[in-house]
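Presented below is the structure to which this report refers.
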Amino acid sequence: MVCSRTSYTCGLSALASDDADAGEFARAVAAESSAINAGFALLFFSQSLMDASSLATALKHHAPGLAYAGCSTAGEITPDGLENGHVVAILFPESSFTAVSTVVRDLSSSGMDYVAGEVEGLRRRLYGHAGSRASNLFALCLIDGLSFAEEAVTSALHWGLDDIPLIGGSAGDDLKFETTTLISDGHVGSDCAIVILIATDIPFRVFKTENFVPTGDKLVVTASDPERRIVHEFNAGVAAVEFAAAVGIMHDALTPLSFASHPVVVKVGGEYYCRSIQKVNPDGSLSFYCAIDDGIVLSIAEPTGMVESTRKALENVSESLGGIDMILGFDCVLRRLDARNRQVFRDISELYRANRVIGFGTYGEQYRSMHLNQTFTGIAFGQRQAAE
């Protein structure tokens with residue numbers, strides 16, 4: 001088994017492998033956990049490579065004392081850059097990080113008061129363990145990317161967290177759109193979210209970047225199924241036909257690349273946010289990654305230079321931190337598709353490698369109170385010695 005290991009000055013350690021042997025990977029996680037005295041691990045895995053239940057069983061056997069959380073992906077970000085068909089682990093040493101997590105189950109039937117209550121209980125747990133670190137907190141959210149619940153859950157989490165910054169990603173399933181899976185301390189399931197609170201001595205910055213500008217071309221949602229995030233009509237015409245005409249493509253030639261290259265955006269509070277299209281359905285309706293409803297006015301957007309906009313965002317973060325040691329990143333799968341289409345995939349991959357980004361390709365991104373699409377959200381960690 002080939003399992004790469006990368007360690008960072010802030011104390012974090014990352015493992016990555018394209019071997020399907022869950023037992024061997026769990027053994028490597030256990031060994032690294034022991035070496036750095038890790039108290040928590042994040043795991044991101046391709047379901048095409050590794051079964052979630054097998055990974056959870058292997059971790060229980062080989063690393064029984066290690067708390068962890070993770071999810072399936074739509075691609076991985078490893079120390080070597082953008083990959084597919086990998087499993088990745090990020091280990092948090094107790095010397096620099098205190099982490100607690102909880103699983104919010106049955107999203108389809110749970111009220112948002114329940115979500116907020118889970119967050120309050122999680123905060124109490126963390127405050128009981130974090131000591132002097134309790135004033136330097138951030139929150140992560142991993143959520144079923146096919147749950148249709150990201151907006152409601154993100155809003156409830158933000159309300160329960162007060163001013164604790166929140167970022168995260170929606171689990172993927174390699175663009176099959178069938179079932180995503182989340183794992184946490186033996187729990188394996190879908191229709192759930194995992195919330196993680198982390199206190200640390202290490203300086204960090206939460207940030208996002210996207211690369212699109214709105215045009216004057218508008219699409220008004222005139223018939224939709226909000227619960228299923230499906231638009232049946234734009235401008236009183238068949239959704240796929242109207243969208244295709246607006247971007248200059250034949251409607252029977254629409255693919256995920258078409259949607260990645262021609263995003264649609266909505267204006268909220270003076271800012272534009274992507275409402276990305278997932279797929280075209282047999283009846284000509286369009287399924288979305290984000291909430292949608294009748295009357296919403298969408299603008300066709302033009303992507304700008306992904307490489308340069310991402311580089312600029314990373315430079316700004318590095319300047320504010322005094323240097324980046326490592327970034328935990330959540331990168332929309334549509335950015336990955338668009339990068340391939342525009343032949344900048346290698347450039348983006350190298351940019352992530354050079355800036356030590358580890359994470360996964362998502363079906364949506366969480367950033368503070370918002371659920372987003374076609375965005376990179378991340379948390380950048382500085383050098384350990386900068387945390388004085």
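Note on naming: chains are A, B, ... as they come in the structure tokens, residues start from 1 per chain, ligands start from 1 in the order shown.
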If you count only C-alpha atoms, which residues fall within 6 Å of Leu182 of chain A, apart from same-chain ones fewer than 2 positions away, as a ChimeraX atom specification? /A:70-71,188-189
List the spatial neighbours of Ala89 of chain A as an MDAnalysis selection string - criterion: any atom at most 12 Å away, only C-alpha atoms, same-chain residues fewer than 6 positions off excluded. chainID A and resid 3:7 12:17 25:30 32:33 38 40:45 55 59 68:71 76:79 328 358:360
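You can rank A:Ala116, A:Phe97, A:Asp80, A:Glu24 by their closest distance to Ser54 of chain A using only C-alpha atoms, and at the top of that list sits A:Glu24.
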So, with only C-alpha atoms as the atoms that count, which of A:Asp113, A:Ala223, A:Tyr8, A:Leu298 lies closest to Ser155 of chain A? A:Asp113
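With only C-alpha atoms as the atoms that count, the residue of A:Thr102, A:Ser147, A:Ser132, A:Ser72 with the shortest distance to Glu118 of chain A is A:Thr102.
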Among segment 223-343 of chain A, which residues does DSSP mark as alpha helix (DSSP H) when it is run on the backbone? Keep the chain and numbering as in the structure and answer as a ChimeraX atom specification. /A:239-247,256-261,306-321,333-341
Which residues are near Ala199 of chain A? Cut-off 12 Å, only C-alpha atoms, ignore same chain within fewer than 5 positions. Put them as a PyMOL selection string. chain A and resi 40+92-101+123+125-140+164-165+204
Could the residues in this selection be written to a file with N, CA, C and O atoms, as a CSV table (one decimal), in the first residue's frame?
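Everything below was put into out_29.csv:
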chain,number,residue,atom,x,y,z
A,40,PHE,N,-8.2,14.0,17.2
A,40,PHE,CA,-9.3,14.0,16.3
A,40,PHE,C,-8.8,13.9,14.9
A,40,PHE,O,-7.7,14.3,14.6
A,92,PHE,N,-5.5,16.0,13.9
A,92,PHE,CA,-5.3,17.2,14.8
A,92,PHE,C,-4.7,16.8,16.1
A,92,PHE,O,-5.3,16.1,16.9
A,93,PRO,N,-3.5,17.2,16.4
A,93,PRO,CA,-2.8,16.9,17.6
A,93,PRO,C,-3.4,17.6,18.8
A,93,PRO,O,-3.8,18.8,18.7
A,94,GLU,N,-3.5,16.9,19.9
A,94,GLU,CA,-4.0,17.5,21.2
A,94,GLU,C,-3.2,18.6,21.7
A,94,GLU,O,-3.7,19.5,22.4
A,95,SER,N,-1.9,18.7,21.3
A,95,SER,CA,-1.1,19.8,21.7
A,95,SER,C,-1.5,21.1,21.2
A,95,SER,O,-1.2,22.2,21.8
A,96,SER,N,-2.2,21.2,20.1
A,96,SER,CA,-2.6,22.4,19.5
A,96,SER,C,-4.1,22.6,19.2
A,96,SER,O,-4.6,23.7,19.0
A,97,PHE,N,-4.9,21.5,19.3
A,97,PHE,CA,-6.3,21.5,19.0
A,97,PHE,C,-7.1,20.7,20.0
A,97,PHE,O,-6.7,19.6,20.4
A,98,THR,N,-8.3,21.2,20.3
A,98,THR,CA,-9.3,20.5,21.0
A,98,THR,C,-10.6,20.5,20.2
A,98,THR,O,-11.1,21.5,19.7
A,99,ALA,N,-11.1,19.3,19.9
A,99,ALA,CA,-12.2,19.1,19.0
A,99,ALA,C,-13.3,18.3,19.6
A,99,ALA,O,-13.0,17.3,20.3
A,100,VAL,N,-14.5,18.7,19.4
A,100,VAL,CA,-15.7,17.9,19.7
A,100,VAL,C,-16.7,17.9,18.5
A,100,VAL,O,-16.7,18.8,17.7
A,101,SER,N,-17.5,16.8,18.4
A,101,SER,CA,-18.4,16.7,17.3
A,101,SER,C,-19.7,16.1,17.7
A,101,SER,O,-19.7,15.4,18.7
A,123,ARG,N,-21.3,23.2,22.2
A,123,ARG,CA,-20.5,24.3,22.8
A,123,ARG,C,-20.2,24.1,24.2
A,123,ARG,O,-19.1,24.4,24.7
A,125,ARG,N,-19.9,21.3,25.7
A,125,ARG,CA,-18.9,20.2,25.8
A,125,ARG,C,-17.5,20.8,25.5
A,125,ARG,O,-16.5,20.5,26.2
A,126,LEU,N,-17.4,21.6,24.5
A,126,LEU,CA,-16.1,22.2,24.1
A,126,LEU,C,-15.5,23.1,25.2
A,126,LEU,O,-14.4,23.0,25.6
A,127,TYR,N,-16.4,23.9,25.7
A,127,TYR,CA,-15.9,24.9,26.8
A,127,TYR,C,-15.4,24.1,28.0
A,127,TYR,O,-14.6,24.6,28.7
A,128,GLY,N,-16.0,22.9,28.2
A,128,GLY,CA,-15.5,22.1,29.4
A,128,GLY,C,-14.1,21.5,29.2
A,128,GLY,O,-13.5,21.0,30.1
A,129,HIS,N,-13.7,21.4,27.9
A,129,HIS,CA,-12.4,20.8,27.6
A,129,HIS,C,-11.3,21.7,27.1
A,129,HIS,O,-10.1,21.4,27.1
A,130,ALA,N,-11.7,22.9,26.5
A,130,ALA,CA,-10.8,23.7,25.8
A,130,ALA,C,-9.9,24.6,26.6
A,130,ALA,O,-8.8,25.0,26.2
A,131,GLY,N,-10.3,24.9,27.8
A,131,GLY,CA,-9.4,25.8,28.7
A,131,GLY,C,-9.2,27.1,28.1
A,131,GLY,O,-10.1,27.8,27.6
A,132,SER,N,-7.9,27.5,28.0
A,132,SER,CA,-7.6,28.9,27.5
A,132,SER,C,-7.8,29.0,26.0
A,132,SER,O,-7.9,30.1,25.5
A,133,ARG,N,-8.0,27.9,25.3
A,133,ARG,CA,-8.2,27.9,23.9
A,133,ARG,C,-9.7,28.3,23.5
A,133,ARG,O,-10.0,28.6,22.4
A,134,ALA,N,-10.5,28.4,24.5
A,134,ALA,CA,-12.0,28.5,24.2
A,134,ALA,C,-12.3,29.8,23.6
A,134,ALA,O,-13.4,30.0,23.1
A,135,SER,N,-11.4,30.8,23.5
A,135,SER,CA,-11.7,32.1,22.9
A,135,SER,C,-11.3,32.1,21.4
A,135,SER,O,-11.4,33.1,20.7
A,136,ASN,N,-10.7,31.0,20.9
A,136,ASN,CA,-10.2,30.9,19.6
A,136,ASN,C,-10.8,29.7,18.9
A,136,ASN,O,-10.2,28.6,18.8
A,137,LEU,N,-12.1,29.9,18.4
A,137,LEU,CA,-12.8,28.7,17.9
A,137,LEU,C,-13.2,28.9,16.5
A,137,LEU,O,-13.4,30.0,16.0
A,138,PHE,N,-13.4,27.7,15.8
A,138,PHE,CA,-14.1,27.7,14.5
A,138,PHE,C,-15.0,26.4,14.5
A,138,PHE,O,-14.8,25.5,15.2
A,139,ALA,N,-15.9,26.4,13.6
A,139,ALA,CA,-16.8,25.3,13.4
A,139,ALA,C,-16.8,24.8,12.0
A,139,ALA,O,-16.6,25.6,11.0
A,140,LEU,N,-16.9,23.5,11.9
A,140,LEU,CA,-17.0,22.8,10.6
A,140,LEU,C,-18.3,22.1,10.4
A,140,LEU,O,-18.8,21.6,11.4
A,164,ILE,N,-19.1,32.5,16.2
A,164,ILE,CA,-18.0,31.5,15.8
A,164,ILE,C,-18.1,31.2,14.3
A,164,ILE,O,-19.1,30.9,13.8
A,165,PRO,N,-17.0,31.4,13.6
A,165,PRO,CA,-17.0,31.3,12.1
A,165,PRO,C,-17.3,29.8,11.7
A,165,PRO,O,-16.7,28.9,12.3
A,204,PHE,N,-5.7,31.4,12.7
A,204,PHE,CA,-6.3,30.9,11.5
A,204,PHE,C,-7.2,32.1,10.8
A,204,PHE,O,-7.5,33.0,11.5
List the spatial neighbours of Arg335 of chain A as a PyMOL selection string - criterion: any atom at most 8 Å away, only C-alpha atoms, same-chain residues fewer than 6 positions off excluded. chain A and resi 260+374-375
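Computed from the coordinates, the atom CA of Gly11 of chain A to atom CA of Thr209 of chain A distance equals 25.8 Å.
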What's the 9 Å shell around Val280 of chain A, counting only C-alpha atoms, without same-chain residues fewer than 6 positions away, as a ChimeraX atom specification? /A:239-240,254-256,286-287
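Nearest-residue note for Thr57 of chain A: choosing from A:His187, A:Phe148, A:Thr73, A:Trp159, the minimum distance belongs to A:His187, counting only C-alpha atoms.
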